[in-house]
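Q: Shown below is the structure under consideration.
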Amino acid sequence: MNIGIDIDDTISETYETFFTYAQKYILEDLKRNIDISDNGKIEHSYHYADMTKLSQEENTQFLKKYLVPVFNETKPKALADKYINKLQEDENQIIIITSRREKYRNLTEEWLKEYNINYDKLIMNCENKKEAIEENNIDIFIDDNLNYCKEALNNNRKVFMMDTRPNRNLELPTNIKRVFSWAHFYNEI
C-alpha cells in the first residue's frame with residue numbers, strides 16, 4: 001500500500017515548538033505582552049500566529065528569523081520512527097507529503113535522517129495535497145489538518161487525523177478516524 005504522511009504535527013511536534021518561539025518573539029523581539037485571551041474564538045485555529053495575535057507583517061518577520069530554528073529543534077512524536085519504519089518494513093511505500101517549501105528540502109531530509117525516519121518519497125511545497133495524494137495513488141493518508149484530511153477522502157482511501165492540541169475539539173466526518181499516537185495509527189491500519 002501507499003501511505004501518505006504529513007510531517008508537521010503528524011510526524012513531529014511542530015506546533016509546540018512554533019508556539020514557544022512565537023511567544024519568545026513577542027516578548028523579546030516585539031517587546032510586548034503575550035495576549036491569548038480570546039482563546040475561545042481561536043481555539044480551532046491551526047496557526048500559531050492566530051493564537052498569539054501576530055499581524056501578517058509580524059508573522060513574516062517571525063518566520064524569517066525563527067523558521068529554521070523551529071524546524072531544527074522540533075522533535076518527532078513518540079515512536080513515530082518505530083512505526084513509520086515498521087510500515088515500510090511491512091512493504092508499504094511511505095510517501096511524505098508536506099507543505100514545507102522546497103527551499104527547506106535539505107533541512108527536512110537531514111531532520112528525517114537524524115531521527116531515523118525512513119521514507120520512499122518526499123513531496124515538498126504541497127499546498128494542494130489532494131493532487132499529490134491522487135498522483136501517488138495513496139491508499140492511506142494521515143495528517144493533523146482537517147482540511148487536508150477532507151481533501152484526501154474518496155471511497156477507497158482510509159483517512160486518519162493525528163490528534164493535536166489545535167484540532168482536539170474539531171468534529172470529524174465519520175469517514176475520518178482520529179488517532180492519538182503512532183501506535184494507535186499502526187493498530188488501526
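Numbering starts fresh at 1 for the residues of each chain in the C-alpha cells, the chains themselves are lettered A, B, ... in the order given, and ligands are numbered from 1 as they appear.
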Taking 4 positions as the minimum chain separation for residues in the same chain, which residues sit within 12 Å of A:Phe71 when counting only C-alpha atoms? Answer as a ChimeraX atom specification.

A: /A:7-9,12-18,21,63,65-67,75-76,100-101,104-112

Q: Pick out the residues sitting within 8 Å of A:Phe141, and hand them over as a list in words; count only C-alpha atoms, and ignore anything fewer than 5 positions along from it in its own chain.

A: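 Listed by chain and then number, they are Ile3, Gly4, Ile5, Cys149, Ala152, Arg157, Lys158, Val159 and Phe160 of chain A.
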
Q: Keeping only C-alpha atoms, write those residues as a compact mmCIF listing (two decimals), in the first residue's frame.

A:
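Result saved to again.txt:
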# COMPACT_ATOMS: atom_id res chain seq x y z
CA ILE A 3 0.81 5.55 2.77
CA GLY A 4 0.81 9.36 2.63
CA ILE A 5 2.11 11.06 5.75
CA CYS A 149 -7.88 15.09 5.56
CA ALA A 152 -7.94 13.08 0.83
CA ARG A 157 -8.93 5.59 0.84
CA LYS A 158 -8.58 5.36 4.60
CA VAL A 159 -8.02 8.79 6.15
CA PHE A 160 -6.74 9.48 9.65

Q: Figure out the distance between atom CA of A:Tyr83 and atom CA of A:Val68, please, to one decimal in Å.

A: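 Atom CA of A:Tyr83 lies 26.3 Å from atom CA of A:Val68.
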
Q: Against stretch 169-188 of chain A, which residues of stretch 93-150 of chain A fall within 10 Å? For each one I want the closest pair of atoms and the distance in Å (one decimal), counting only C-alpha atoms, rows by chain and increasing residue number, as CSV.

A:
residue,atom,partner,partner_atom,distance
A:Phe141,CA,A:Ile176,CA,9.8
A:Ile142,CA,A:Phe185,CA,8.7
A:Asp143,CA,A:Arg178,CA,9.9
A:Asp144,CA,A:Arg178,CA,9.1
A:Leu146,CA,A:Leu172,CA,7.8
A:Cys149,CA,A:Ile176,CA,7.2
A:Lys150,CA,A:Ile176,CA,7.8

Q: Got a sec to tell me which of chain A DSSP assigns to strand (DSSP E), as a VMD selection string?

A: chain A and resid 2 to 5 93 to 97 121 to 123 140 to 143 158 to 162 176 to 179

Q: Kindly give the distance, in Å, that separates atom CA of A:Lys103 and atom CA of A:Ile123, rounded to a single decimal.

A: 12.3 Å

Q: Find the spatial neighbours of A:Asn145, counting only C-alpha atoms, within a cut-off of 8 Å - ignore same-chain residues fewer than 3 positions away - and output them as a list in words.

A: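 Final neighbour list, sorted by chain and number: Tyr46, Tyr148, Cys149, Met161 and Asn167 of chain A.
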
Q: In stretch 17-181 of chain A, what's alpha helix (DSSP H) per DSSP? Answer as a ChimeraX atom specification?

A: /A:17-24,39-42,48-52,56-73,80-89,105-114,129-135,146-152
